[in-house]
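One structure below.
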Amino acid sequence: MVRIAVMGASGRMGQMLVRIIDDSDQATLVAAVERAGHDWIGGDLGQKMGGPPRGIPITDQIDEALAVSDVIIDFTTPAVTVALAAKAAHAGVAHIIGTTGFTEADIAAIAEAGKTGKIVRAGNMSLGVNLLVSLTRQVAAALGADYDIEIVESHHRHKVDAPSGTALMLGEAAAQGRGVALSDVADRGRDGITGARKAGDIGFHAIRGGDYIGEHDVVFAGDGERIVLRHVASDRALFARGALRAALWVQAMPAGEYSMLDVLGISAIKN
Ligand code: NAD
């Protein structure tokens, strides 16, 4: 059994992860971590989740959680994840990162930890989205720059970062397909007198509201036709199942930073 610690255990994804790990016959939950001062600290995980006691206290002691785990699954915040990446690598514990909203510096710090530790990082852990990433790259490569690419994403009202990590993955894939750097062509959240669309730009738009779990459209708009690639997530368990799959998969891998394309074995159709 692979021993798993969940970071941010009271969160939307944290609680879903606990349920998915409980259903697994290949993994066991050994620790539940929350931020210092959170009102779940010291309580019993089972009871806090509205069920019977299960003997797993919610802790803010990361080092103790790392000491008993093979892997830690982390859907929290960028600052927490960056600090944890170095600690997990040092402790020899694999780190599955679902957190989004990283800066370039954060991504570099995680890559540094991936030189000695095992990391799987993905802005989206679902099979469908990772397939969509691959398709987006192919379609962008096949169509010329006279097809305008726009990425539209919708999430629940609590989401704090925009564009979503998934939208950025899709934007990266489209830019790769066209052989350009996303940073040179990204046009994020237009407002005001923006002027006509610049040829070759990749536009990003974020809808926030209600209980959307996550929807992404990649629009290729040409003259006389549009192609729309769409993914709709209708159950958060999808991401938790992907994270668990990554946690099991990475056990047999050497140190390095991997993506869900690696975990799902669809790297071969990258372009
Ligand atoms: P959330 O706010 O419900 O949960 C985050 C949890 O982290 C909270 O319970 C918070 O208290 C906890 N936390 C904060 N600091 C901590 C610390 N120092 N130690 C331990 N826990 C700490 O958010 P959410 O909706 O679960 O999303 C979390 C992240 O995951 C976001 O970045 C979101 O975009 C991302 N996400 C990614 C995927 C994916 O497939 N990669 C899917 C869904 C969400």
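Here, A, B, ... name the chains of the structure tokens in the order displayed, residue numbers run from 1 inside each chain, and ligands are numbered from 1 in the same displayed order.
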
Nearby residues (only C-alpha atoms) at most 10 Å from Asp70 of chain A, same-chain spacing under 4 positions excluded, as a compact mmCIF listing (two decimals) with all heavy atoms, in the first residue's frame:
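Saved the output as out_36.txt:
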# COMPACT_ATOMS: atom_id res chain seq x y z
N MET A 1 0.84 -1.19 0.00
CA MET A 1 0.00 0.00 0.00
C MET A 1 0.88 1.25 0.00
O MET A 1 1.81 1.36 0.79
CB MET A 1 -0.88 0.03 1.26
CG MET A 1 -1.88 -1.08 1.32
SD MET A 1 -3.27 -0.80 0.19
CE MET A 1 -4.50 -0.13 1.27
N VAL A 2 0.57 2.17 -0.88
CA VAL A 2 1.30 3.44 -0.93
C VAL A 2 0.72 4.37 0.14
O VAL A 2 -0.50 4.57 0.21
CB VAL A 2 1.19 4.07 -2.34
CG1 VAL A 2 1.83 5.45 -2.36
CG2 VAL A 2 1.83 3.15 -3.37
N ARG A 3 1.61 4.92 0.97
CA ARG A 3 1.16 5.78 2.09
C ARG A 3 1.09 7.23 1.63
O ARG A 3 2.08 7.79 1.16
CB ARG A 3 2.14 5.63 3.26
CG ARG A 3 2.23 4.20 3.80
CD ARG A 3 3.39 4.04 4.75
NE ARG A 3 4.65 4.46 4.11
CZ ARG A 3 5.76 4.77 4.77
NH1 ARG A 3 5.78 4.74 6.08
NH2 ARG A 3 6.85 5.13 4.12
N ILE A 4 -0.10 7.80 1.76
CA ILE A 4 -0.33 9.15 1.23
C ILE A 4 -0.69 10.14 2.33
O ILE A 4 -1.51 9.83 3.21
CB ILE A 4 -1.47 9.14 0.18
CG1 ILE A 4 -1.11 8.19 -0.98
CG2 ILE A 4 -1.74 10.55 -0.34
CD1 ILE A 4 -2.12 8.17 -2.12
N ALA A 5 -0.08 11.33 2.26
CA ALA A 5 -0.50 12.46 3.11
C ALA A 5 -1.22 13.46 2.21
O ALA A 5 -0.82 13.67 1.06
CB ALA A 5 0.71 13.12 3.76
N ALA A 27 -3.74 2.31 -2.01
CA ALA A 27 -3.19 3.43 -1.24
C ALA A 27 -3.90 3.55 0.09
O ALA A 27 -5.06 3.14 0.23
CB ALA A 27 -3.38 4.72 -2.04
N VAL A 30 -2.39 8.38 5.42
CA VAL A 30 -1.67 8.30 6.70
C VAL A 30 -1.61 9.65 7.41
O VAL A 30 -1.32 9.69 8.61
CB VAL A 30 -0.23 7.74 6.53
CG1 VAL A 30 -0.28 6.28 6.14
CG2 VAL A 30 0.57 8.55 5.50
N ALA A 65 4.25 14.63 9.01
CA ALA A 65 3.47 13.99 7.93
C ALA A 65 4.42 13.39 6.89
O ALA A 65 4.21 12.26 6.42
CB ALA A 65 2.54 15.01 7.28
N LEU A 66 5.49 14.13 6.55
CA LEU A 66 6.44 13.61 5.55
C LEU A 66 7.14 12.36 6.07
O LEU A 66 7.43 11.44 5.29
CB LEU A 66 7.48 14.69 5.21
CG LEU A 66 6.96 15.89 4.40
CD1 LEU A 66 8.05 16.96 4.27
CD2 LEU A 66 6.47 15.46 3.02
N ALA A 88 9.79 18.16 0.60
CA ALA A 88 9.44 16.79 0.20
C ALA A 88 10.63 16.14 -0.49
O ALA A 88 10.95 14.97 -0.24
CB ALA A 88 8.21 16.81 -0.70
N ALA A 91 13.10 15.13 2.04
CA ALA A 91 12.64 14.00 2.85
C ALA A 91 12.52 12.71 2.02
O ALA A 91 12.22 11.64 2.56
CB ALA A 91 11.29 14.34 3.48
N GLY A 92 12.70 12.80 0.69
CA GLY A 92 12.56 11.61 -0.16
C GLY A 92 11.11 11.19 -0.34
O GLY A 92 10.80 10.03 -0.59
N VAL A 93 10.20 12.15 -0.24
CA VAL A 93 8.76 11.88 -0.39
C VAL A 93 8.30 12.48 -1.73
O VAL A 93 8.59 13.64 -2.02
CB VAL A 93 7.96 12.50 0.78
CG1 VAL A 93 6.46 12.38 0.55
CG2 VAL A 93 8.36 11.85 2.11
N ALA A 94 7.62 11.68 -2.53
CA ALA A 94 7.13 12.19 -3.82
C ALA A 94 6.08 13.27 -3.59
O ALA A 94 5.37 13.25 -2.57
CB ALA A 94 6.55 11.04 -4.64
N HIS A 95 5.97 14.20 -4.54
CA HIS A 95 5.10 15.37 -4.35
C HIS A 95 4.20 15.51 -5.58
O HIS A 95 4.69 15.73 -6.69
CB HIS A 95 6.00 16.61 -4.18
CG HIS A 95 5.28 17.87 -3.80
ND1 HIS A 95 5.92 19.09 -3.77
CD2 HIS A 95 4.00 18.10 -3.43
CE1 HIS A 95 5.05 20.02 -3.39
NE2 HIS A 95 3.89 19.46 -3.19
N ALA A 247 0.11 9.62 -8.04
CA ALA A 247 0.81 9.24 -6.81
C ALA A 247 1.28 7.79 -6.88
O ALA A 247 2.38 7.46 -6.43
CB ALA A 247 -0.11 9.44 -5.60
N LEU A 248 0.45 6.92 -7.46
CA LEU A 248 0.82 5.51 -7.58
C LEU A 248 1.88 5.33 -8.67
O LEU A 248 2.87 4.61 -8.49
CB LEU A 248 -0.42 4.66 -7.92
CG LEU A 248 -1.56 4.70 -6.88
CD1 LEU A 248 -2.76 3.91 -7.38
CD2 LEU A 248 -1.09 4.15 -5.54
N GLN A 251 5.74 6.25 -8.00
CA GLN A 251 6.53 5.43 -7.07
C GLN A 251 7.66 4.71 -7.80
O GLN A 251 8.76 4.58 -7.28
CB GLN A 251 5.65 4.38 -6.36
CG GLN A 251 4.56 4.97 -5.48
CD GLN A 251 5.10 5.92 -4.42
OE1 GLN A 251 6.05 5.60 -3.72
NE2 GLN A 251 4.52 7.10 -4.34

Check your understanding: Skipping near chain neighbours, those fewer than 5 positions away, what residues fall within 7 Å of segment 101-106 of chain A using only C-alpha atoms, listed as a VMD selection string?
Key -> chain A and resid 78 82 161 165

Could you take the residues named above and write them with all heavy atoms, as a short mmCIF file (atom, residue, chain, number, x, y, z; two decimals), in the first residue's frame?
data_model
loop_
_atom_site.label_atom_id
_atom_site.label_comp_id
_atom_site.auth_asym_id
_atom_site.auth_seq_id
_atom_site.Cartn_x
_atom_site.Cartn_y
_atom_site.Cartn_z
N PRO A 78 0.18 28.57 -4.17
CA PRO A 78 1.54 28.55 -4.72
C PRO A 78 2.64 28.66 -3.66
O PRO A 78 3.61 27.89 -3.68
CB PRO A 78 1.55 29.74 -5.67
CG PRO A 78 0.12 29.84 -6.13
CD PRO A 78 -0.70 29.50 -4.92
N VAL A 82 5.45 25.70 -3.17
CA VAL A 82 6.88 25.92 -3.46
C VAL A 82 7.72 25.53 -2.25
O VAL A 82 8.74 24.84 -2.38
CB VAL A 82 7.12 27.40 -3.88
CG1 VAL A 82 8.61 27.71 -3.89
CG2 VAL A 82 6.51 27.66 -5.25
N ASP A 161 -7.34 32.48 -8.99
CA ASP A 161 -6.37 32.83 -10.04
C ASP A 161 -7.04 32.79 -11.42
O ASP A 161 -7.98 32.04 -11.66
CB ASP A 161 -5.14 31.90 -10.02
CG ASP A 161 -5.51 30.42 -10.07
OD1 ASP A 161 -6.44 30.01 -9.35
OD2 ASP A 161 -4.88 29.67 -10.84
N GLY A 165 -5.04 27.42 -14.49
CA GLY A 165 -3.84 26.66 -14.86
C GLY A 165 -4.08 25.86 -16.13
O GLY A 165 -3.18 25.72 -16.98
#

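All residues of protein, DNA or RNA that reach within 9 Å of Asp44 of chain A, judged by only C-alpha atoms and not counting those fewer than 2 positions away in the chain, are Trp40, Ile41, Gly42, Gly46, Gln47, Lys48, Met49, Pro52, Pro53, Arg54, Gly55, Ile56, Pro57 and Ile58 of chain A.
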
Exercise for review: All residues within 8 Å of ligand 1 are required, counting only C-alpha atoms and all ligand atoms; please report them as a ChimeraX atom specification.
Suggested key: /A:7-14,33-36,38,60,62,74-78,80,97-101,121-126,158-161,164-166,213,236,238-240,242-243

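If you look at atom CA of Ala196 of chain A and atom CA of Ile149 of chain A, they are 14.4 Å away from each other.
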
Review point. Within 12 Å of Ala145 of chain A, counting only C-alpha atoms, which residues qualify if same-chain residues fewer than 6 places away don't, as number ranges by chain?
Key: A: 139, 174-175, 177-180, 185, 198-202, 220-223

**Study point:** Between atom CA of Lys115 of chain A and atom CA of Lys87 of chain A - distance in Å to one decimal
**Key:** 13.0 Å

Review point. Looking at only C-alpha atoms, which of A:Met253, A:Ile107, A:Val152, A:Ala173 is the one that sits closest to His216 of chain A?
Key: A:Val152

Point to revise | Per-residue DSSP, segment 166-268 of chain A, filtered to strand (DSSP E or B), as a VMD selection string | key: chain A and resid 186 to 188 202 to 208 214 to 221 226 to 233 256 to 258

Could the residues in this selection be saved with N, CA, C and O atoms as a tab-separated table (two decimals), in the first residue's frame?
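Full text of part01.tsv as output:
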chain	number	residue	atom	x	y	z
A	186	ALA	N	0.33	36.10	-25.79
A	186	ALA	CA	-0.85	36.03	-24.90
A	186	ALA	C	-1.51	37.39	-24.79
A	186	ALA	O	-0.84	38.40	-24.58
A	187	ASP	N	-2.84	37.41	-24.95
A	187	ASP	CA	-3.62	38.64	-24.79
A	187	ASP	C	-4.68	38.33	-23.75
A	187	ASP	O	-5.65	37.62	-24.02
A	188	ARG	N	-4.47	38.82	-22.52
A	188	ARG	CA	-5.29	38.37	-21.39
A	188	ARG	C	-6.33	39.41	-20.98
A	188	ARG	O	-5.99	40.55	-20.70
A	202	ILE	N	-2.98	34.93	-28.86
A	202	ILE	CA	-3.82	33.90	-28.25
A	202	ILE	C	-4.55	34.59	-27.09
A	202	ILE	O	-3.92	35.08	-26.15
A	203	GLY	N	-5.89	34.68	-27.20
A	203	GLY	CA	-6.68	35.42	-26.21
A	203	GLY	C	-7.14	34.52	-25.07
A	203	GLY	O	-7.39	33.33	-25.27
A	204	PHE	N	-7.24	35.10	-23.87
A	204	PHE	CA	-7.71	34.37	-22.67
A	204	PHE	C	-8.87	35.12	-22.03
A	204	PHE	O	-8.78	36.35	-21.86
A	205	HIS	N	-9.91	34.38	-21.64
A	205	HIS	CA	-11.08	35.00	-21.01
A	205	HIS	C	-11.55	34.11	-19.88
A	205	HIS	O	-11.60	32.89	-20.04
A	206	ALA	N	-11.89	34.72	-18.74
A	206	ALA	CA	-12.26	33.94	-17.56
A	206	ALA	C	-13.66	34.30	-17.07
A	206	ALA	O	-13.92	35.47	-16.77
A	207	ILE	N	-14.55	33.30	-17.03
A	207	ILE	CA	-15.86	33.47	-16.42
A	207	ILE	C	-15.76	32.94	-14.99
A	207	ILE	O	-15.19	31.87	-14.76
A	208	ARG	N	-16.28	33.69	-14.00
A	208	ARG	CA	-16.28	33.24	-12.60
A	208	ARG	C	-17.69	33.35	-12.05
A	208	ARG	O	-18.28	34.43	-12.11
A	214	GLY	N	-15.27	23.38	-13.81
A	214	GLY	CA	-14.20	23.78	-14.73
A	214	GLY	C	-14.59	23.46	-16.16
A	214	GLY	O	-14.90	22.30	-16.47
A	215	GLU	N	-14.67	24.50	-17.00
A	215	GLU	CA	-14.99	24.29	-18.41
A	215	GLU	C	-13.97	25.06	-19.24
A	215	GLU	O	-13.60	26.18	-18.88
A	216	HIS	N	-13.53	24.46	-20.34
A	216	HIS	CA	-12.53	25.11	-21.20
A	216	HIS	C	-12.89	24.95	-22.66
A	216	HIS	O	-13.15	23.82	-23.09
A	217	ASP	N	-12.92	26.06	-23.39
A	217	ASP	CA	-13.09	26.04	-24.84
A	217	ASP	C	-11.82	26.58	-25.49
A	217	ASP	O	-11.33	27.63	-25.06
A	218	VAL	N	-11.32	25.87	-26.48
A	218	VAL	CA	-10.27	26.43	-27.33
A	218	VAL	C	-10.91	26.70	-28.68
A	218	VAL	O	-11.35	25.76	-29.36
A	219	VAL	N	-11.00	27.98	-29.03
A	219	VAL	CA	-11.70	28.38	-30.26
A	219	VAL	C	-10.64	28.70	-31.33
A	219	VAL	O	-9.72	29.48	-31.06
A	220	PHE	N	-10.79	28.11	-32.49
A	220	PHE	CA	-9.97	28.44	-33.65
A	220	PHE	C	-10.92	29.12	-34.63
A	220	PHE	O	-11.73	28.43	-35.27
A	221	ALA	N	-10.87	30.45	-34.71
A	221	ALA	CA	-11.86	31.19	-35.51
A	221	ALA	C	-11.23	31.65	-36.81
A	221	ALA	O	-10.31	32.49	-36.82
A	226	ARG	N	-15.50	28.03	-37.68
A	226	ARG	CA	-14.84	27.99	-36.37
A	226	ARG	C	-14.74	26.54	-35.92
A	226	ARG	O	-15.67	25.76	-36.12
A	227	ILE	N	-13.61	26.20	-35.32
A	227	ILE	CA	-13.47	24.90	-34.67
A	227	ILE	C	-13.41	25.20	-33.18
A	227	ILE	O	-12.66	26.09	-32.75
A	228	VAL	N	-14.19	24.47	-32.38
A	228	VAL	CA	-14.16	24.66	-30.93
A	228	VAL	C	-13.86	23.32	-30.27
A	228	VAL	O	-14.60	22.34	-30.45
A	229	LEU	N	-12.75	23.26	-29.54
A	229	LEU	CA	-12.43	22.07	-28.75
A	229	LEU	C	-12.88	22.35	-27.32
A	229	LEU	O	-12.48	23.37	-26.74
A	230	ARG	N	-13.71	21.50	-26.75
A	230	ARG	CA	-14.31	21.81	-25.44
A	230	ARG	C	-14.13	20.66	-24.46
A	230	ARG	O	-14.31	19.49	-24.81
A	231	HIS	N	-13.78	21.02	-23.22
A	231	HIS	CA	-13.79	20.05	-22.12
A	231	HIS	C	-14.67	20.58	-21.00
A	231	HIS	O	-14.57	21.75	-20.63
A	232	VAL	N	-15.53	19.72	-20.47
A	232	VAL	CA	-16.38	20.10	-19.35
A	232	VAL	C	-16.15	19.11	-18.21
A	232	VAL	O	-16.32	17.90	-18.40
A	233	ALA	N	-15.72	19.62	-17.06
A	233	ALA	CA	-15.60	18.77	-15.88
A	233	ALA	C	-16.91	18.87	-15.10
A	233	ALA	O	-17.37	19.98	-14.81
A	256	GLY	N	12.62	13.41	-10.71
A	256	GLY	CA	12.38	14.23	-11.89
A	256	GLY	C	11.03	14.91	-11.75
A	256	GLY	O	10.23	14.54	-10.88
A	257	GLU	N	10.79	15.90	-12.62
A	257	GLU	CA	9.48	16.54	-12.62
A	257	GLU	C	8.69	16.02	-13.82
A	257	GLU	O	9.15	16.14	-14.95
A	258	TYR	N	7.53	15.46	-13.56
A	258	TYR	CA	6.71	14.85	-14.60
A	258	TYR	C	5.39	15.61	-14.73
A	258	TYR	O	4.99	16.36	-13.85

Exercise for review: Report as an MDAnalysis selection string: the residues of segment 3-166 of chain A with a DSSP assignment of helix (DSSP H, G or I), based on the backbone of this structure.
Suggested key: chainID A and resid 12:22 45:48 62:67 78:91 104:113 127:142 165:166

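The space separating atom CA of Gly43 of chain A from atom CA of Gly210 of chain A comes to 29.9 Å.
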